[in-house]
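Reproduced below: run31.txt, with compact mmCIF, C-alpha atoms.
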```txt
# COMPACT_ATOMS: atom_id res chain seq x y z
CA MET A 1 15.54 16.74 22.14
CA THR A 2 18.19 17.78 19.64
CA ALA A 3 18.57 17.21 15.90
CA ASP A 4 20.11 13.76 16.40
CA LEU A 5 16.89 12.77 18.27
CA ARG A 6 18.82 12.44 21.53
CA THR A 7 17.25 13.69 24.76
CA GLU A 8 18.63 14.91 28.08
CA ALA A 9 17.26 16.56 31.21
CA VAL A 10 17.78 20.33 31.32
CA ALA A 11 16.52 23.45 33.08
CA LEU A 12 15.24 26.20 30.77
CA LYS A 13 16.77 29.63 31.35
CA SER A 14 15.55 31.62 28.34
CA ILE A 15 14.99 31.65 24.58
CA ASP A 16 16.28 34.38 22.29
CA ALA A 17 17.72 34.86 18.81
CA ALA A 18 20.83 32.86 19.73
CA GLY A 19 18.81 29.76 20.61
CA VAL A 20 17.59 27.93 23.70
CA HIS A 21 19.55 28.70 26.88
CA VAL A 22 19.56 25.81 29.36
CA THR A 23 21.56 24.41 32.24
CA VAL A 24 22.69 20.80 32.32
CA ASN A 25 23.92 19.59 35.70
CA GLY A 26 24.49 23.19 36.69
CA VAL A 27 26.44 24.09 33.54
CA GLU A 28 24.92 26.66 31.20
CA LYS A 29 24.88 26.11 27.46
CA VAL A 30 23.05 27.35 24.37
CA VAL A 31 21.35 25.00 21.92
CA PRO A 32 21.19 26.83 18.55
CA PHE A 33 17.95 26.57 16.60
CA ALA A 34 19.79 24.56 13.93
CA GLN A 35 20.04 21.79 16.57
CA PHE A 36 16.91 22.38 18.64
CA VAL A 37 13.88 20.11 18.23
CA GLU A 38 11.83 20.20 21.42
CA LEU A 39 11.53 20.95 25.14
CA SER A 40 8.91 18.97 27.08
CA ARG A 41 7.83 18.32 30.64
CA SER A 42 4.94 16.73 32.51
CA LEU A 43 2.26 18.80 34.23
CA PRO A 44 -1.06 17.68 35.72
CA PRO A 45 -3.77 18.10 33.05
CA VAL A 46 -6.48 20.72 33.52
CA PRO A 47 -9.77 21.31 31.63
CA LEU A 48 -9.56 23.20 28.34
CA ALA A 49 -9.93 26.93 28.98
CA GLY A 50 -12.87 28.60 27.25
CA ARG A 51 -16.38 28.01 26.00
CA PHE A 52 -15.39 26.20 22.79
CA ALA A 53 -12.44 24.37 21.27
CA LEU A 54 -11.25 25.67 17.91
CA ARG A 55 -9.52 22.93 15.92
CA LEU A 56 -6.88 23.70 13.31
CA ALA A 57 -5.13 21.88 10.49
CA GLY A 58 -2.15 19.93 11.79
CA GLY A 59 -3.93 18.94 15.00
CA ASP A 60 -3.66 22.20 16.94
CA ARG A 61 -6.55 23.43 19.04
CA ILE A 62 -7.20 26.45 21.24
CA GLY A 63 -9.92 27.14 23.80
CA GLY A 64 -12.05 30.27 23.81
CA GLU A 65 -14.83 31.76 21.69
CA PRO A 66 -15.26 33.72 18.44
CA VAL A 67 -15.28 37.50 18.44
CA GLY A 68 -15.60 38.37 14.75
CA VAL A 69 -14.08 38.12 11.28
CA LYS A 70 -11.54 40.44 9.64
CA GLY A 71 -11.17 39.64 5.96
CA GLU A 72 -10.08 35.97 5.88
CA GLN A 73 -9.07 35.96 9.55
CA LEU A 74 -11.17 34.71 12.46
CA VAL A 75 -10.73 36.81 15.59
CA TRP A 76 -10.62 34.33 18.48
CA LYS A 77 -10.70 35.29 22.16
CA SER A 78 -8.58 32.92 24.24
CA PRO A 79 -8.30 33.04 28.05
CA VAL A 80 -4.64 32.08 27.56
CA VAL A 81 -3.38 34.43 24.83
CA GLY A 82 -6.18 36.99 24.49
CA ASP A 83 -7.56 38.05 21.11
CA THR A 84 -5.69 36.57 18.18
CA GLU A 85 -6.37 36.30 14.44
CA ILE A 86 -6.33 32.90 12.75
CA SER A 87 -6.64 32.20 9.03
CA MET A 88 -10.03 30.73 8.17
CA ARG A 89 -8.22 28.33 5.80
CA LEU A 90 -6.63 26.63 8.81
CA LEU A 91 -9.92 25.83 10.57
CA THR A 92 -11.05 22.20 10.66
CA GLY A 93 -13.66 22.30 13.43
CA LEU A 94 -15.30 24.08 16.33
CA THR A 95 -16.72 22.00 19.19
CA LYS A 96 -17.57 22.03 22.84
CA PRO A 97 -14.37 21.59 24.90
CA ASP A 98 -14.84 17.80 25.12
CA GLY A 99 -16.31 17.39 21.64
CA ALA A 100 -14.81 15.75 18.55
CA ILE A 101 -14.96 16.09 14.76
CA ARG A 102 -14.84 13.19 12.29
CA ASP A 103 -11.62 13.25 10.31
CA GLU A 104 -12.88 13.24 6.72
CA ARG A 105 -12.92 15.41 3.63
CA ARG A 106 -15.88 17.78 3.19
CA LYS A 107 -17.06 20.00 0.37
CA ASP A 108 -18.92 22.44 2.63
CA ASP A 109 -19.22 23.51 6.26
CA VAL A 110 -21.53 21.38 8.41
CA VAL A 111 -23.18 22.91 11.49
CA THR A 112 -24.69 20.55 14.09
CA MET A 113 -27.15 22.03 16.59
CA SER A 114 -28.27 20.89 20.03
CA ASN A 115 -31.62 19.60 18.69
CA GLY A 116 -29.76 17.22 16.38
CA ASP A 117 -30.36 19.19 13.16
CA THR A 118 -27.50 19.74 10.72
CA VAL A 119 -27.17 22.59 8.22
CA HIS A 120 -24.77 22.61 5.24
CA GLY A 121 -23.32 25.77 3.74
CA THR A 122 -20.42 28.19 4.14
CA VAL A 123 -19.68 30.04 7.36
CA ALA A 124 -19.68 33.69 6.37
CA ASN A 125 -19.36 35.46 9.74
CA PHE A 126 -18.88 35.04 13.48
CA THR A 127 -20.06 37.31 16.28
CA PRO A 128 -19.91 36.76 20.05
CA THR A 129 -23.53 35.51 19.91
CA ASN A 130 -24.14 34.09 16.40
CA ILE A 131 -22.64 32.54 13.32
CA THR A 132 -23.91 33.33 9.83
CA LEU A 133 -24.11 30.38 7.47
CA GLN A 134 -24.55 31.02 3.75
CA THR A 135 -26.88 28.29 2.38
CA ASP A 136 -28.68 27.66 -0.91
CA ALA A 137 -31.71 29.39 0.66
CA GLY A 138 -29.68 32.43 1.67
CA PRO A 139 -27.87 33.53 4.86
CA THR A 140 -28.95 31.88 8.10
CA ASP A 141 -28.05 33.13 11.59
CA ILE A 142 -27.48 30.39 14.18
CA PRO A 143 -27.13 31.27 17.90
CA LEU A 144 -23.91 30.07 19.49
CA ASP A 145 -25.97 28.84 22.45
CA SER A 146 -27.59 26.22 20.19
CA LEU A 147 -24.33 25.15 18.57
CA VAL A 148 -22.81 21.71 19.16
CA SER A 149 -20.12 21.74 16.46
CA ILE A 150 -18.97 23.07 13.11
CA ALA A 151 -17.06 20.77 10.76
CA PHE A 152 -15.35 23.02 8.24
CA ALA A 153 -14.90 22.19 4.57
CA THR A 154 -11.53 20.72 3.63
CA THR A 155 -9.17 23.32 2.20
CA ALA A 156 -5.66 23.24 0.80
CA ALA A 157 -4.32 25.21 3.75
CA GLY A 158 -0.85 26.56 3.10
CA GLY A 159 2.11 27.82 5.07
CA ARG A 160 2.61 24.81 7.35
CA ASP A 161 5.90 23.80 5.74
CA LYS A 162 7.47 27.02 7.02
CA PRO A 163 9.66 27.03 10.16
CA GLY A 164 7.87 28.00 13.34
CA PHE A 165 7.19 27.04 16.94
CA ARG A 166 4.38 25.03 18.49
CA VAL A 167 3.57 25.57 22.17
CA ARG A 168 1.45 22.99 24.03
CA LEU A 169 -0.32 23.78 27.28
CA ASP A 170 -1.48 21.75 30.27
CA ASP A 171 -5.12 21.96 29.13
CA GLY A 172 -4.30 20.07 25.93
CA SER A 173 -4.39 23.10 23.65
CA SER A 174 -1.56 23.99 21.28
CA LEU A 175 -0.63 27.16 19.42
CA LEU A 176 1.52 27.63 16.34
CA GLY A 177 3.62 30.77 15.95
CA SER A 178 6.31 32.08 13.65
CA ASP A 179 8.73 33.27 16.35
CA ILE A 180 9.33 32.78 20.06
CA THR A 181 11.23 34.27 22.99
CA ALA A 182 11.10 33.34 26.66
CA ASP A 183 12.37 34.24 30.11
CA ALA A 184 11.92 32.59 33.48
CA SER A 185 8.21 33.44 33.72
CA ALA A 186 6.62 33.73 30.27
CA ILE A 187 6.85 32.92 26.59
CA GLN A 188 6.24 35.53 23.92
CA LEU A 189 4.80 33.69 20.90
CA THR A 190 4.30 35.51 17.60
CA MET A 191 1.15 33.96 16.14
CA SER A 192 0.78 33.13 12.46
CA GLY A 193 -1.96 35.75 12.13
CA LYS A 194 -1.68 39.44 12.96
CA GLY A 195 -1.34 41.22 16.26
CA GLY A 196 2.29 40.65 17.27
CA ALA A 197 3.67 38.51 20.06
CA ARG A 198 1.32 37.03 22.65
CA PRO A 199 2.38 36.22 26.23
CA VAL A 200 1.88 32.67 27.49
CA GLU A 201 2.57 31.85 31.14
CA LEU A 202 5.45 29.40 31.36
CA ALA A 203 3.74 27.68 34.31
CA HIS A 204 1.14 26.26 31.87
CA VAL A 205 3.56 25.20 29.11
CA THR A 206 4.20 21.47 28.70
CA ASP A 207 6.03 21.48 25.38
CA ILE A 208 7.87 23.79 22.96
CA GLU A 209 8.52 22.28 19.54
CA GLN A 210 10.36 23.80 16.61
CA VAL A 211 8.25 23.04 13.53
CA ASN A 212 10.07 22.32 10.26
CA GLY A 213 13.44 23.03 11.79
CA PRO A 214 16.14 20.33 11.81
CA VAL A 215 13.32 17.77 11.77
CA SER A 216 9.75 17.72 10.48
CA TRP A 217 7.25 15.26 11.95
CA LEU A 218 5.02 13.77 9.27
CA SER A 219 2.07 13.94 11.67
CA SER A 220 2.33 17.75 11.51
CA ARG A 221 2.32 17.81 7.70
CA VAL A 222 -0.63 17.49 5.33
CA PRO A 223 -0.54 14.55 2.89
CA SER A 224 -1.40 15.16 -0.76
CA GLN A 225 -3.22 11.81 -0.71
CA SER A 226 -4.86 10.02 2.22
CA ILE A 227 -6.57 6.86 1.00
CA TYR A 228 -8.41 4.23 3.04
CA VAL A 229 -10.05 1.23 1.36
CA PRO A 230 -11.82 -1.47 3.45
CA TYR A 231 -11.41 -5.07 2.35
CA LEU A 232 -15.16 -5.66 2.07
CA GLY A 233 -17.88 -3.09 1.55
CA SER A 234 -17.90 0.46 2.86
CA GLY A 235 -19.25 0.03 6.39
CA GLN A 236 -15.90 0.75 8.03
CA ALA A 237 -14.48 4.25 8.30
CA TYR A 238 -10.89 4.32 9.51
CA PRO A 239 -9.13 7.26 7.84
CA ALA A 240 -5.57 8.05 8.92
CA ARG A 241 -5.34 9.99 12.18
CA MET A 242 -2.47 12.27 13.12
CA ASN A 243 -0.88 11.82 16.56
CA ALA A 244 -3.52 9.22 17.46
CA ASN A 245 -4.31 5.61 16.70
CA TYR A 246 -7.01 4.49 14.23
CA ALA A 247 -9.73 5.24 16.85
CA GLY A 248 -8.42 8.65 17.86
CA GLN A 249 -6.84 7.41 21.12
CA PRO A 250 -3.21 7.89 22.24
CA ILE A 251 -0.57 5.73 20.56
CA PHE A 252 0.99 3.09 22.81
CA PHE A 253 3.33 0.15 22.46
CA LYS A 254 3.50 -1.90 25.65
CA ASP A 255 3.84 0.64 28.49
CA ARG A 256 5.23 3.54 26.45
CA GLN A 257 3.14 6.32 24.96
CA TYR A 258 4.25 8.03 21.76
CA LEU A 259 3.08 11.61 21.28
CA ARG A 260 3.78 11.60 17.55
CA GLY A 261 2.61 9.07 15.05
CA ILE A 262 -0.03 8.23 12.47
CA GLY A 263 -2.74 5.63 13.14
CA VAL A 264 -4.07 3.75 10.10
CA HIS A 265 -6.09 0.66 9.16
CA SER A 266 -5.43 -1.43 6.04
CA TYR A 267 -5.66 -0.66 3.23
CA SER A 268 -4.01 2.71 3.81
CA LYS A 269 -1.95 4.93 1.54
CA LEU A 270 -0.50 8.29 2.58
CA VAL A 271 1.52 10.40 0.15
CA PHE A 272 3.56 13.35 1.41
CA PRO A 273 5.02 15.82 -1.10
CA LEU A 274 8.70 16.72 -0.67
CA ASP A 275 10.63 19.60 -2.18
CA GLY A 276 13.63 17.39 -2.93
CA LYS A 277 16.15 19.47 -1.03
CA SER A 278 15.08 20.41 2.52
CA TYR A 279 15.52 17.01 4.17
CA ALA A 280 18.15 14.31 3.76
CA ALA A 281 16.54 11.26 5.36
CA PHE A 282 13.31 9.75 6.68
CA ARG A 283 13.06 7.75 9.90
CA THR A 284 10.19 5.77 11.41
CA ARG A 285 9.20 2.71 13.39
CA TYR A 286 5.87 0.89 13.25
CA ALA A 287 3.78 -1.54 15.27
CA ILE A 288 0.31 -3.09 15.31
CA ASP A 289 -1.90 -1.15 17.73
CA PRO A 290 -2.39 -2.94 21.09
CA ASP A 291 -6.14 -2.55 20.60
CA ALA A 292 -5.99 -5.21 17.84
CA ARG A 293 -7.50 -8.35 19.36
CA GLY A 294 -6.79 -12.04 18.90
CA GLY A 295 -3.36 -11.70 17.35
CA VAL A 296 -4.83 -12.07 13.85
CA ALA A 297 -3.44 -8.82 12.39
CA ASP A 298 -1.28 -9.52 9.34
CA VAL A 299 -0.16 -6.66 7.10
CA THR A 300 2.38 -5.76 4.47
CA VAL A 301 4.17 -2.51 5.23
CA ARG A 302 5.74 -0.50 2.42
CA ILE A 303 7.63 2.76 2.13
CA LYS A 304 8.08 4.30 -1.30
CA LEU A 305 10.05 7.19 -2.74
CA ASP A 306 8.55 8.52 -5.97
CA ASP A 307 6.46 5.30 -6.20
CA LYS A 308 9.56 3.09 -5.92
CA VAL A 309 9.49 0.58 -3.04
CA VAL A 310 12.46 1.23 -0.72
CA HIS A 311 11.25 -0.77 2.27
CA GLU A 312 8.82 -3.67 2.52
CA ARG A 313 7.91 -6.01 5.37
CA GLU A 314 5.42 -8.83 4.72
CA HIS A 315 3.33 -10.64 7.33
CA PHE A 316 4.00 -8.06 10.02
CA ARG A 317 2.04 -9.05 13.13
CA ALA A 318 1.08 -7.86 16.59
CA GLY A 319 3.45 -7.86 19.55
CA GLU A 320 6.48 -6.46 17.74
CA ILE A 321 7.80 -2.97 17.16
CA SER A 322 9.99 -2.64 14.11
CA PRO A 323 13.60 -1.51 14.33
CA ALA A 324 14.19 2.09 13.30
CA VAL A 325 13.92 2.36 9.52
CA VAL A 326 16.15 5.15 8.13
CA ILE A 327 15.96 5.92 4.41
CA ASP A 328 18.01 8.42 2.41
CA LEU A 329 15.63 10.66 0.46
CA ASN A 330 18.08 11.41 -2.36
CA GLY A 331 16.07 14.36 -3.65
CA ALA A 332 12.77 12.48 -3.90
CA ALA A 333 9.64 14.46 -4.72
CA SER A 334 7.24 12.29 -2.68
CA LEU A 335 7.18 9.85 0.22
CA THR A 336 4.49 7.17 0.46
CA LEU A 337 3.51 5.14 3.54
CA GLU A 338 1.42 2.10 2.66
CA VAL A 339 -0.22 -0.63 4.75
CA ASP A 340 -1.72 -3.44 2.67
CA PHE A 341 -3.93 -6.43 3.46
CA GLY A 342 -2.19 -9.56 4.67
CA ALA A 343 -3.20 -13.18 5.09
CA ASN A 344 -6.35 -12.48 7.13
CA MET A 345 -8.07 -9.93 4.88
CA ASP A 346 -8.15 -6.76 7.00
CA ALA A 347 -9.00 -8.32 10.38
CA GLU A 348 -7.58 -6.12 13.15
CA ASP A 349 -5.07 -4.60 10.70
CA ARG A 350 -4.51 -1.50 12.82
CA LEU A 351 -1.01 -0.13 12.47
CA ASN A 352 0.72 2.87 13.99
CA TRP A 353 3.52 4.66 12.21
CA ILE A 354 5.60 5.64 15.25
CA GLU A 355 7.49 8.94 15.25
CA PRO A 356 7.74 9.26 11.43
CA VAL A 357 10.07 12.17 10.81
CA LEU A 358 12.02 13.94 8.08
CA LEU A 359 15.63 14.74 9.04
CA LYS A 360 17.89 17.43 7.63
CA VAL A 361 20.94 15.44 8.73
CA ARG A 362 21.04 11.66 8.53
CA PRO A 363 21.46 10.33 12.11
CA ALA A 364 24.23 8.02 13.21
CA PRO A 365 23.33 4.30 13.12
CA GLU A 366 21.28 3.31 16.15
CA PRO A 367 22.48 0.45 18.36
CA VAL A 368 20.90 -2.89 17.53
CA GLU A 369 19.67 -4.93 20.46
CA PRO A 370 21.36 -8.35 20.46
CA PRO A 371 19.06 -11.36 20.12
CA PRO A 372 18.34 -13.25 23.34
CA ALA A 373 20.82 -15.99 24.18
CA ALA A 374 19.73 -19.48 23.17
CA VAL A 375 18.64 -21.73 26.04
CA PRO A 376 20.76 -24.94 26.17
CA ALA A 377 18.82 -28.12 25.43
CA THR A 378 20.56 -30.00 28.26
CA THR A 379 22.26 -29.12 31.48
CA ALA A 380 25.50 -30.87 30.53
CA PRO A 381 28.56 -28.65 30.99
CA ALA A 382 29.50 -26.74 27.88
CA VAL A 383 32.64 -27.83 26.06
CA GLN A 384 34.44 -25.36 23.83
CA VAL A 385 36.05 -26.90 20.74
CA THR A 386 38.49 -24.86 18.70
CA PRO A 387 38.58 -26.12 15.11
CA THR A 388 41.75 -26.26 13.11
CA PRO A 389 42.06 -23.61 10.38
CA SER A 390 40.98 -26.11 7.71
CA GLU A 391 37.94 -27.18 9.76
CA ALA A 392 36.94 -23.54 10.33
CA THR A 393 37.05 -22.86 6.60
CA THR A 394 34.91 -25.93 5.90
CA GLN A 395 32.33 -24.92 8.51
CA ALA A 396 32.10 -21.35 7.21
CA THR A 397 31.64 -22.57 3.66
CA ALA A 398 28.99 -25.11 4.58
CA ALA A 399 26.94 -22.77 6.79
CA PRO A 400 23.52 -22.24 5.22
CA THR A 401 22.38 -18.73 4.45
CA THR A 402 18.88 -17.45 5.18
CA ALA A 403 18.88 -14.06 3.46
CA PRO A 404 15.39 -12.53 3.60
CA THR A 405 13.46 -12.27 0.39
CA THR A 406 11.68 -9.14 -0.74
CA ARG A 407 8.54 -9.21 -2.85
CA VAL A 408 7.70 -6.11 -4.82
CA VAL A 409 3.94 -5.74 -5.12
CA PRO A 410 2.49 -3.82 -8.09
CA VAL A 411 1.65 -0.25 -7.17
CA ARG A 412 -2.05 0.34 -6.72
```
Exercise: express the given structure as structure tokens:
Amino acid sequence: MTADLRTEAVALKSIDAAGVHVTVNGVEKVVPFAQFVELSRSLPPVPLAGRFALRLAGGDRIGGEPVGVKGEQLVWKSPVVGDTEISMRLLTGLTKPDGAIRDERRKDDVVTMSNGDTVHGTVANFTPTNITLQTDAGPTDIPLDSLVSIAFATTAAGGRDKPGFRVRLDDGSSLLGSDITADASAIQLTMSGKGGARPVELAHVTDIEQVNGPVSWLSSRVPSQSIYVPYLGSGQAYPARMNANYAGQPIFFKDRQYLRGIGVHSYSKLVFPLDGKSYAAFRTRYAIDPDARGGVADVTVRIKLDDKVVHEREHFRAGEISPAVVIDLNGAASLTLEVDFGANMDAEDRLNWIEPVLLKVRPAPEPVEPPPAAVPATTAPAVQVTPTPSEATTQATAAPTTAPTTRVVPVR
């Protein structure tokens, strides 16, 4: 995929400072990083490597186990990349390989043990056998063998707006680095912590993405506000999920899966800060999640720049995917994605923002699919009548217009 969001089949030769070297139909060419977005391929999935899964802000995860702590860095031993140091501010969870963490804001770290007990506090240290949790009663050592999960306190993790490279592997793990090179057998990824470049076998790589290059996927950024309000009561809990639908499952529309998107449930409001100069346009599509039952979903979709509505669609329902919406940012300081209640309260109002992305260069207009041809009411042979110039003028003048109306709803 290149900066215009076009894709083509290539064979990877290497990656160096000049860009990504590929062959297309036997012809070699170089895609400079100013144009490179992503390389991807399909490989059979394998189980996550390692004893635990470490989960990071932005949706990354890596298999392995803790070794220790150096300052504010967790030393993590991965069967794939060896020992690497990861900022503690980037940690969102630690689970068994097939475990999960609720996506919600927390004021402290929450440790869940195999007997069902939970302990709140601050993780102060890791060793290969224990974690040390600082609690109101003092430090408590918890054996890793009794650990089910750690849900880390929410932090304002920084540095993710910087350019970098994300590498995804066939076991579902992904790693974020600041620099990358590659040859025919391996990738050398410079991790965001210390320790220099780490080798990753190319045979296990399913995807190489440039982060915050010519494009920036919203699902890899951290919103300054993420608000979910149920229509009635507080029994529901459907916070926004990155690169997953409202229930944490893959995003689909009909038979196509989308790797990038944001799953929400009305009422939802996501605000993303912008610096006003890095990106020229925003592009997205949206659709009601296929999991919504009964066809009762009915939502109002809004996109705002600096709290000004720039796109609104009322009574959006299941079974349709929106055309691509492309909006010039014009130096805006914030972008808001909002899904509001429709005619049926919040029944099945499960919407996916599909491939929402910031673009440094506004793309060329995308082709619009023509509407299906009308089916004739009778089988009588068609007769073409050519009006005289005066008749044509009369018909054009009398033709009714059905321009869509737009309702601006007061900002919450």
Got a sec: who's within 10 Å of A:Ile101, counting all atoms listed in the file, leaving out chain neighbours fewer than 6 positions off, as a PyMOL selection string?
chain A and resi 55+92-95+149-152
Option closest in space to A:Ser278, from A:Ile227, A:Pro290, A:Asn245, A:Gly213 [counting all atoms listed in the file]
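Checking each candidate against A:Ser278, we get A:Gly213 as the closest.
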May I have the residues at most 8 Å from (-4.1, -4.2, 6.0) in the file's coordinates, counting all atoms listed in the file, as a list of chain:residue names?
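Neighbouring residues, ordered by chain and number, come to A:His265, A:Ser266, A:Tyr267, A:Ser268, A:Ala297, A:Asp298, A:Val299, A:Thr300, A:Val339, A:Asp340, A:Phe341, A:Gly342, A:Met345, A:Asp346, A:Ala347, A:Asp349, A:Arg350.
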What's the 6 Å shell around A:Val211, counting all atoms listed in the file, without same-chain residues fewer than 5 positions away, as a PyMOL selection string?
chain A and resi 163-165
Separating atom CA of A:Asp4 from atom CA of A:Glu38, to the nearest tenth of an Å, is a gap of 11.6 Å
Determine, counting all atoms listed in the file, every residue of protein, DNA or RNA that lies within 9 Å of (8.0, 39.2, 20.7) in the file coordinates, then give the result as a VMD selection string.
chain A and resid 179 to 182 187 to 190 196 to 199
Could you name the residues that touch A:Val69 at 10 Å or less, counting all atoms listed in the file, but leaving out those on the same chain fewer than 2 positions away, as a list in words?
Pro66, Val67, Gly71, Glu72, Gln73, Leu74, Val75, Trp76, Glu85, Ile86, Ser87, Met88, Ala124, Asn125, Phe126 and Thr127 of chain A
Selected residue, from A:Ser42, A:Thr135, A:Ser322, A:Thr155, that lies nearest to A:Asp207 when counting all atoms listed in the file:
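The shortest atom-to-atom distance to A:Asp207 comes from A:Ser42.
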Point-to-point distance from atom CA of A:Val357 to atom CA of A:Arg283, Å rounded to tenths
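Value for the atom CA of A:Val357-atom CA of A:Arg283 distance: 5.4 Å.
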Could you please determine the separation between atom CA of A:Asp108 and atom CA of A:Ser178 in Å, to one decimal place?
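Answer for the atom CA of A:Asp108 to atom CA of A:Ser178 separation: 29.2 Å.
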Between A:Lys96, A:Val123, A:Ala11, A:Glu338, which one has atoms that come closest to A:Val110, using only C-alpha atoms?
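That would be A:Val123, the residue with the smallest distance to A:Val110.
Near A:Ser226, within a cut-off of 9 Å and counting all atoms listed in the file, sit the residues Pro239, Ala240, Ser268, Lys269, Leu270 and Val271 of chain A, with same-chain residues fewer than 5 positions away left out.
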Given only C-alpha atoms as the basis, pick out the residue of A:Gly263, A:Gly121, A:Pro32, A:Pro128 nearest to A:Thr140.
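For A:Thr140, the nearest of the candidates is A:Gly121.
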Polymer residues at most 9 Å from stretch 44-54 of chain A, all atoms listed in the file, same-chain spacing of 5 or more positions, as number ranges by chain:
A: 60-66, 76-80, 91-99, 169-173
Using all atoms listed in the file, which of A:Asn352, A:Thr112, A:Gln35, A:Thr7 sits nearest A:Ser219?
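That would be A:Asn352, the residue with the smallest distance to A:Ser219.
Counting all atoms listed in the file, the residue from A:Asp136, A:Asp83, A:Asp307, A:Glu209 that sits nearest to A:Gly177 is A:Glu209.
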